[in-house]
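Peer 1: Take this structure, written in structure tokens, and hold onto it; I'll ask about it next.
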Amino acid sequence: KNVILFPKIPEELKSNSADECYNPNGMIPDLIKMIKDEFKDVNVWTDIALDPYSDQGHDGMVGSTPDGDDGAAKILNDETIEQLCRQALCHARAGADVVAPSDMMDGRVIAIRNALDAHGFTDVSIVSYTAKYASAFYGPFRDALDSAPRESSMAPRNKKTYQMDPANSREALIETDLDVAEGADMLMVKPGMPYLDIIRLLSDNCSLPIAAYHVSGEYAMMKAAVQNGWLDEKEAVLETLLCFKRAGASCILTYYAKQAAMWMKEDNDKMYFE
């Protein structure tokens, strides 16, 4: 039993440095404690990134000078990693079992691993978003969390300077080697269905378990098709999840998790009683 937590942060708590991300009395630490108190057998995963807490809408801190692409400011890699380590420690202290850095900063896995180990959290696992592509399929999630880049700031207009190019599959292998060497316990591919080839590529070239993230845009497309009567929801969803497994995923993150679990249990019960 696993859950992963993503916060919707009030605007007044957001800043470029995203300091709210490591507030010990913040939303995520409180939720972790509540879940752990009520459900002892549930593994709690947390997202490690600044974008829900950023007034710039980016996964990293934004510089103050227009020295990046197209006259925008740069994303500050090393300064961001310091904040991510504080965030991961905050979540570990609250009781998180797994931290999942989704930011795509260079070197963040080893920095988080060292920070956790130095503070005694050697059993807290790291699921790294190894191959997170600059995708058009994140729209519903970003709308819900208000975590898209802000047009009114000097920040880059998109996240392509640190997320991966959808045309590039070889970079996924480079990122895999780096994350394995830095101490990741599981690697994630995001999005899912459009990147089954990347799931297979990582599965064939790495001994670590591979997670697939069935993202909000994929979920929304299926829901829309079902509402229009174009798809049988149960059959389409279970086929989709089967495709992830066939491609090599050991773990699947999906907004259909509860419903899919119920469908599979019903099918298993039916087979047993028949």
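Here, A, B, ... name the chains of the structure tokens in the order displayed, residue numbers run from 1 inside each chain, and ligands are numbered from 1 in the same displayed order.
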Got a sec: who's within 12 Å of A:Glu218, counting only C-alpha atoms, leaving out chain neighbours fewer than 2 positions off, as a tab-separated table (two decimals) with C-alpha atoms, in the first residue's frame?

Peer 2:
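Generated output (part-v6.tsv):
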chain	number	residue	atom	x	y	z
A	135	SER	CA	5.77	17.08	-21.99
A	136	ALA	CA	2.44	18.59	-22.98
A	137	PHE	CA	0.64	15.96	-20.87
A	138	TYR	CA	1.09	17.71	-17.49
A	139	GLY	CA	-1.55	20.40	-18.02
A	140	PRO	CA	-4.35	19.25	-15.67
A	141	PHE	CA	-1.89	18.66	-12.81
A	190	LYS	CA	7.23	10.39	-16.82
A	191	PRO	CA	4.87	10.54	-18.72
A	192	GLY	CA	3.86	6.91	-19.16
A	193	MET	CA	2.02	5.75	-22.28
A	194	PRO	CA	3.84	8.00	-24.79
A	195	TYR	CA	7.16	6.76	-23.35
A	213	TYR	CA	3.87	7.68	-14.08
A	214	HIS	CA	0.49	7.67	-15.82
A	215	VAL	CA	0.15	11.44	-15.74
A	216	SER	CA	-2.79	13.81	-15.48
A	220	ALA	CA	-7.92	13.26	-18.51
A	221	MET	CA	-7.90	11.96	-22.09
A	222	MET	CA	-9.23	8.61	-20.97
A	223	LYS	CA	-11.89	10.21	-18.79
A	224	ALA	CA	-13.01	12.43	-21.67
A	225	ALA	CA	-13.22	9.47	-24.04
A	236	ALA	CA	-9.14	0.58	-21.37
A	237	VAL	CA	-7.62	1.34	-17.98
A	240	THR	CA	-3.14	0.59	-20.14
A	241	LEU	CA	-1.74	-0.65	-16.83
A	253	LEU	CA	1.71	5.75	-10.41
A	254	THR	CA	-1.79	6.46	-11.68
A	255	TYR	CA	-4.83	8.51	-10.70
A	256	TYR	CA	-6.80	5.34	-11.43

Peer 1: Enumerate the residues of stretch 2-91 of chain A with a DSSP assignment of strand (DSSP E or B), computed from the backbone, and present them as a ChimeraX atom specification.

Peer 2: /A:2-5,43-48,61-62,75-76

Peer 1: Would you mind listing what lies within 7 Å of A:Pro29 as a list in words, with only C-alpha atoms counted and same-chain residues fewer than 4 positions away left out?

Peer 2: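 Counting only the stated atoms, we get Pro24, Asn25, Lys33, His91 and Ala94 of chain A.
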
Peer 1: Determine, for each residue of stretch 12-117 of chain A having at least one atom at most 7 Å from an atom of stretch 154-163 of chain A, the closest pair of atoms and their separation in Å to one decimal, counting only C-alpha atoms; order by chain and ascending number, as JSON lines.

Peer 2:
{"residue": "A:Gln56", "atom": "CA", "partner": "A:Ala155", "partner_atom": "CA", "distance": 6.4}
{"residue": "A:Val62", "atom": "CA", "partner": "A:Ala155", "partner_atom": "CA", "distance": 6.1}
{"residue": "A:Ala72", "atom": "CA", "partner": "A:Pro156", "partner_atom": "CA", "distance": 5.3}
{"residue": "A:Ala73", "atom": "CA", "partner": "A:Ala155", "partner_atom": "CA", "distance": 5.4}
{"residue": "A:Met104", "atom": "CA", "partner": "A:Tyr162", "partner_atom": "CA", "distance": 6.0}
{"residue": "A:Met105", "atom": "CA", "partner": "A:Tyr162", "partner_atom": "CA", "distance": 6.7}

Peer 1: Compile the contact shell of A:Glu12 as a list in words: residues with an atom at most 12 Å away, counting only C-alpha atoms, same-chain residues fewer than 6 positions apart removed.

Peer 2: Ala18, Asp19, Glu20, Tyr53, Ser54 and Asp55 of chain A

Peer 1: Report as a list of chain:residue names all protein, DNA and RNA residues lying within 9 Å of A:Asp97, evaluated on only C-alpha atoms, omitting residues in the same chain fewer than 3 positions from it.

Peer 2: A:Asn43, A:Val44, A:Trp45, A:Thr46, A:His91, A:Ala92, A:Asp123, A:Val124, A:Ser125, A:Ile126

Peer 1: Next, dump the selected residues to file, keeping only N, CA, C and O atoms, as a PDB file, in the first residue's frame.

Peer 2:
ATOM      1  N   ASN A  43       2.877   2.921   3.001  1.00  0.00           N
ATOM      2  CA  ASN A  43       4.127   3.609   2.700  1.00  0.00           C
ATOM      3  C   ASN A  43       3.807   4.972   2.101  1.00  0.00           C
ATOM      4  O   ASN A  43       3.066   5.067   1.125  1.00  0.00           O
ATOM      5  N   VAL A  44       4.376   6.007   2.690  1.00  0.00           N
ATOM      6  CA  VAL A  44       4.110   7.370   2.238  1.00  0.00           C
ATOM      7  C   VAL A  44       5.285   7.865   1.398  1.00  0.00           C
ATOM      8  O   VAL A  44       6.428   7.901   1.864  1.00  0.00           O
ATOM      9  N   TRP A  45       4.979   8.226   0.155  1.00  0.00           N
ATOM     10  CA  TRP A  45       5.945   8.856  -0.734  1.00  0.00           C
ATOM     11  C   TRP A  45       5.656  10.353  -0.764  1.00  0.00           C
ATOM     12  O   TRP A  45       4.491  10.765  -0.670  1.00  0.00           O
ATOM     13  N   THR A  46       6.690  11.154  -0.936  1.00  0.00           N
ATOM     14  CA  THR A  46       6.477  12.593  -1.088  1.00  0.00           C
ATOM     15  C   THR A  46       7.246  13.115  -2.293  1.00  0.00           C
ATOM     16  O   THR A  46       8.334  12.632  -2.615  1.00  0.00           O
ATOM     17  N   HIS A  91      10.553  16.043   5.305  1.00  0.00           N
ATOM     18  CA  HIS A  91       9.606  14.961   5.084  1.00  0.00           C
ATOM     19  C   HIS A  91      10.039  13.685   5.804  1.00  0.00           C
ATOM     20  O   HIS A  91       9.192  12.960   6.349  1.00  0.00           O
ATOM     21  N   ALA A  92      11.330  13.410   5.806  1.00  0.00           N
ATOM     22  CA  ALA A  92      11.828  12.226   6.509  1.00  0.00           C
ATOM     23  C   ALA A  92      11.561  12.339   8.012  1.00  0.00           C
ATOM     24  O   ALA A  92      11.155  11.367   8.660  1.00  0.00           O
ATOM     25  N   ASP A 123      17.198   4.532   5.980  1.00  0.00           N
ATOM     26  CA  ASP A 123      16.147   3.647   5.463  1.00  0.00           C
ATOM     27  C   ASP A 123      15.130   4.375   4.591  1.00  0.00           C
ATOM     28  O   ASP A 123      14.240   3.736   4.032  1.00  0.00           O
ATOM     29  N   VAL A 124      15.221   5.677   4.483  1.00  0.00           N
ATOM     30  CA  VAL A 124      14.323   6.424   3.596  1.00  0.00           C
ATOM     31  C   VAL A 124      14.814   6.253   2.164  1.00  0.00           C
ATOM     32  O   VAL A 124      15.965   6.550   1.843  1.00  0.00           O
ATOM     33  N   SER A 125      13.941   5.751   1.313  1.00  0.00           N
ATOM     34  CA  SER A 125      14.319   5.454  -0.065  1.00  0.00           C
ATOM     35  C   SER A 125      14.165   6.679  -0.963  1.00  0.00           C
ATOM     36  O   SER A 125      13.394   7.596  -0.665  1.00  0.00           O
ATOM     37  N   ILE A 126      14.889   6.639  -2.081  1.00  0.00           N
ATOM     38  CA  ILE A 126      14.797   7.694  -3.083  1.00  0.00           C
ATOM     39  C   ILE A 126      14.304   7.099  -4.388  1.00  0.00           C
ATOM     40  O   ILE A 126      14.920   6.193  -4.949  1.00  0.00           O
TER      41      ILE A 126
END

Peer 1: Could you tell me, as a VMD selection string, which residues of stretch 12-119 of chain A DSSP assigns to helix (DSSP H, G or I) when given the backbone?

Peer 2: chain A and resid 12 to 13 19 to 22 27 to 38 51 to 53 69 to 71 77 to 94 108 to 118

Peer 1: Produce a file of the selected residues containing C-alpha atoms, as a PDB file, in the first residue's frame.

Peer 2:
ATOM      1  CA  GLU A  12       0.790  33.910   0.070  1.00  0.00           C
ATOM      2  CA  LEU A  13       3.163  31.129   1.166  1.00  0.00           C
ATOM      3  CA  ASP A  19      11.092  28.094   1.892  1.00  0.00           C
ATOM      4  CA  GLU A  20       7.638  26.745   2.730  1.00  0.00           C
ATOM      5  CA  CYS A  21       8.741  23.401   1.269  1.00  0.00           C
ATOM      6  CA  TYR A  22      10.648  22.583   4.460  1.00  0.00           C
ATOM      7  CA  MET A  27       0.822  20.802   4.791  1.00  0.00           C
ATOM      8  CA  ILE A  28       2.892  17.809   3.726  1.00  0.00           C
ATOM      9  CA  PRO A  29       4.567  17.073   7.096  1.00  0.00           C
ATOM     10  CA  ASP A  30       1.164  17.278   8.776  1.00  0.00           C
ATOM     11  CA  LEU A  31      -0.366  14.911   6.216  1.00  0.00           C
ATOM     12  CA  ILE A  32       2.479  12.430   6.603  1.00  0.00           C
ATOM     13  CA  LYS A  33       1.963  12.317  10.362  1.00  0.00           C
ATOM     14  CA  MET A  34      -1.807  11.955  10.018  1.00  0.00           C
ATOM     15  CA  ILE A  35      -1.488   9.073   7.561  1.00  0.00           C
ATOM     16  CA  LYS A  36       1.158   7.309   9.616  1.00  0.00           C
ATOM     17  CA  ASP A  37      -0.897   7.628  12.783  1.00  0.00           C
ATOM     18  CA  GLU A  38      -4.013   6.190  11.141  1.00  0.00           C
ATOM     19  CA  ASP A  51       7.292  24.228  -8.079  1.00  0.00           C
ATOM     20  CA  PRO A  52       4.217  23.892  -5.795  1.00  0.00           C
ATOM     21  CA  TYR A  53       5.899  26.364  -3.421  1.00  0.00           C
ATOM     22  CA  ASP A  69      17.868  31.490 -23.092  1.00  0.00           C
ATOM     23  CA  ASP A  70      15.789  34.135 -24.913  1.00  0.00           C
ATOM     24  CA  GLY A  71      16.659  36.771 -22.347  1.00  0.00           C
ATOM     25  CA  ASN A  77      20.774  24.338  -9.996  1.00  0.00           C
ATOM     26  CA  ASP A  78      23.011  24.257  -6.919  1.00  0.00           C
ATOM     27  CA  GLU A  79      20.949  26.679  -4.845  1.00  0.00           C
ATOM     28  CA  THR A  80      17.867  24.608  -5.652  1.00  0.00           C
ATOM     29  CA  ILE A  81      19.544  21.394  -4.502  1.00  0.00           C
ATOM     30  CA  GLU A  82      20.195  22.931  -1.087  1.00  0.00           C
ATOM     31  CA  GLN A  83      16.467  23.593  -0.739  1.00  0.00           C
ATOM     32  CA  LEU A  84      15.587  20.099  -1.974  1.00  0.00           C
ATOM     33  CA  CYS A  85      17.799  18.565   0.715  1.00  0.00           C
ATOM     34  CA  ARG A  86      16.033  20.630   3.378  1.00  0.00           C
ATOM     35  CA  GLN A  87      12.679  19.520   1.966  1.00  0.00           C
ATOM     36  CA  ALA A  88      13.656  15.833   1.926  1.00  0.00           C
ATOM     37  CA  LEU A  89      14.897  16.027   5.521  1.00  0.00           C
ATOM     38  CA  CYS A  90      11.691  17.748   6.610  1.00  0.00           C
ATOM     39  CA  HIS A  91       9.606  14.961   5.084  1.00  0.00           C
ATOM     40  CA  ALA A  92      11.828  12.226   6.509  1.00  0.00           C
ATOM     41  CA  ARG A  93      11.524  13.715  10.004  1.00  0.00           C
ATOM     42  CA  ALA A  94       7.737  13.688   9.610  1.00  0.00           C
ATOM     43  CA  ARG A 108      20.277  16.179  -6.601  1.00  0.00           C
ATOM     44  CA  VAL A 109      20.068  12.424  -5.919  1.00  0.00           C
ATOM     45  CA  ILE A 110      23.501  12.121  -4.321  1.00  0.00           C
ATOM     46  CA  ALA A 111      22.991  15.364  -2.396  1.00  0.00           C
ATOM     47  CA  ILE A 112      19.666  14.141  -0.976  1.00  0.00           C
ATOM     48  CA  ARG A 113      21.106  10.699  -0.214  1.00  0.00           C
ATOM     49  CA  ASN A 114      24.043  12.220   1.657  1.00  0.00           C
ATOM     50  CA  ALA A 115      21.776  14.580   3.587  1.00  0.00           C
ATOM     51  CA  LEU A 116      19.414  11.782   4.615  1.00  0.00           C
ATOM     52  CA  ASP A 117      22.248   9.470   5.647  1.00  0.00           C
ATOM     53  CA  ALA A 118      24.024  12.196   7.601  1.00  0.00           C
TER      54      ALA A 118
END

Peer 1: Please, what distance in Å, to one decimal, runs between atom CA of A:Asp185 and atom CA of A:Gly57?

Peer 2: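 Atom CA of A:Gly57 lies at a distance of 27.9 Å from atom CA of A:Asp185.
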
Peer 1: Considering only C-alpha atoms, return as a list in words whatever protein or nucleic-acid residues lie within 10 Å of A:Ser250, sequence-local ones (same chain, fewer than 5 positions apart) excluded.

Peer 2: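 Everything that qualifies: Met186, Leu187, Met188, Ile199, Ser203, Leu208, Pro209, Ile210, Ala211, Ala212, Phe244 and Lys245 of chain A.
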
Peer 1: Next, the residues of the selection above should be written as a short mmCIF file (atom, residue, chain, number, x, y, z; two decimals), in the first residue's frame with N, CA and C atoms.

Peer 2:
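In the end it all went to part39.cif:
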data_model
loop_
_atom_site.label_atom_id
_atom_site.label_comp_id
_atom_site.auth_asym_id
_atom_site.auth_seq_id
_atom_site.Cartn_x
_atom_site.Cartn_y
_atom_site.Cartn_z
N MET A 186 14.98 3.54 -6.95
CA MET A 186 14.04 3.24 -8.02
C MET A 186 14.09 4.40 -9.00
N LEU A 187 13.86 4.11 -10.28
CA LEU A 187 13.90 5.13 -11.31
C LEU A 187 12.51 5.29 -11.92
N MET A 188 12.14 6.53 -12.23
CA MET A 188 10.82 6.78 -12.77
C MET A 188 10.89 7.38 -14.17
N ILE A 199 10.56 3.28 -20.93
CA ILE A 199 10.43 2.31 -19.83
C ILE A 199 11.16 1.02 -20.17
N SER A 203 14.46 -0.48 -18.36
CA SER A 203 14.31 -1.82 -17.79
C SER A 203 15.36 -2.78 -18.33
N LEU A 208 17.78 -1.74 -11.34
CA LEU A 208 16.85 -1.15 -10.37
C LEU A 208 15.42 -1.24 -10.88
N PRO A 209 14.43 -1.26 -9.98
CA PRO A 209 13.03 -1.24 -10.42
C PRO A 209 12.71 0.07 -11.13
N ILE A 210 11.81 -0.03 -12.11
CA ILE A 210 11.40 1.11 -12.91
C ILE A 210 9.94 1.43 -12.61
N ALA A 211 9.67 2.70 -12.34
CA ALA A 211 8.30 3.17 -12.11
C ALA A 211 7.82 3.94 -13.34
N ALA A 212 6.54 3.80 -13.65
CA ALA A 212 5.91 4.56 -14.73
C ALA A 212 4.87 5.47 -14.13
N PHE A 244 2.04 -0.94 -19.28
CA PHE A 244 3.16 -0.48 -18.47
C PHE A 244 3.97 -1.67 -17.95
N LYS A 245 3.26 -2.65 -17.45
CA LYS A 245 3.95 -3.84 -16.92
C LYS A 245 4.69 -4.57 -18.04
#

Peer 1: Using only C-alpha atoms, I'd like a table of the residues in stretch 170-247 of chain A that come within 10 Å of stretch 261-269 of chain A; for each, show the closest atom pair and its distance in Å rounded to one decimal, ordered by chain and ascending number, as a tab-separated table.

Peer 2:
residue	atom	partner	partner_atom	distance
A:Lys234	CA	A:Trp263	CA	7.3
A:Glu235	CA	A:Trp263	CA	9.7
A:Val237	CA	A:Trp263	CA	9.9
A:Leu238	CA	A:Met264	CA	8.4
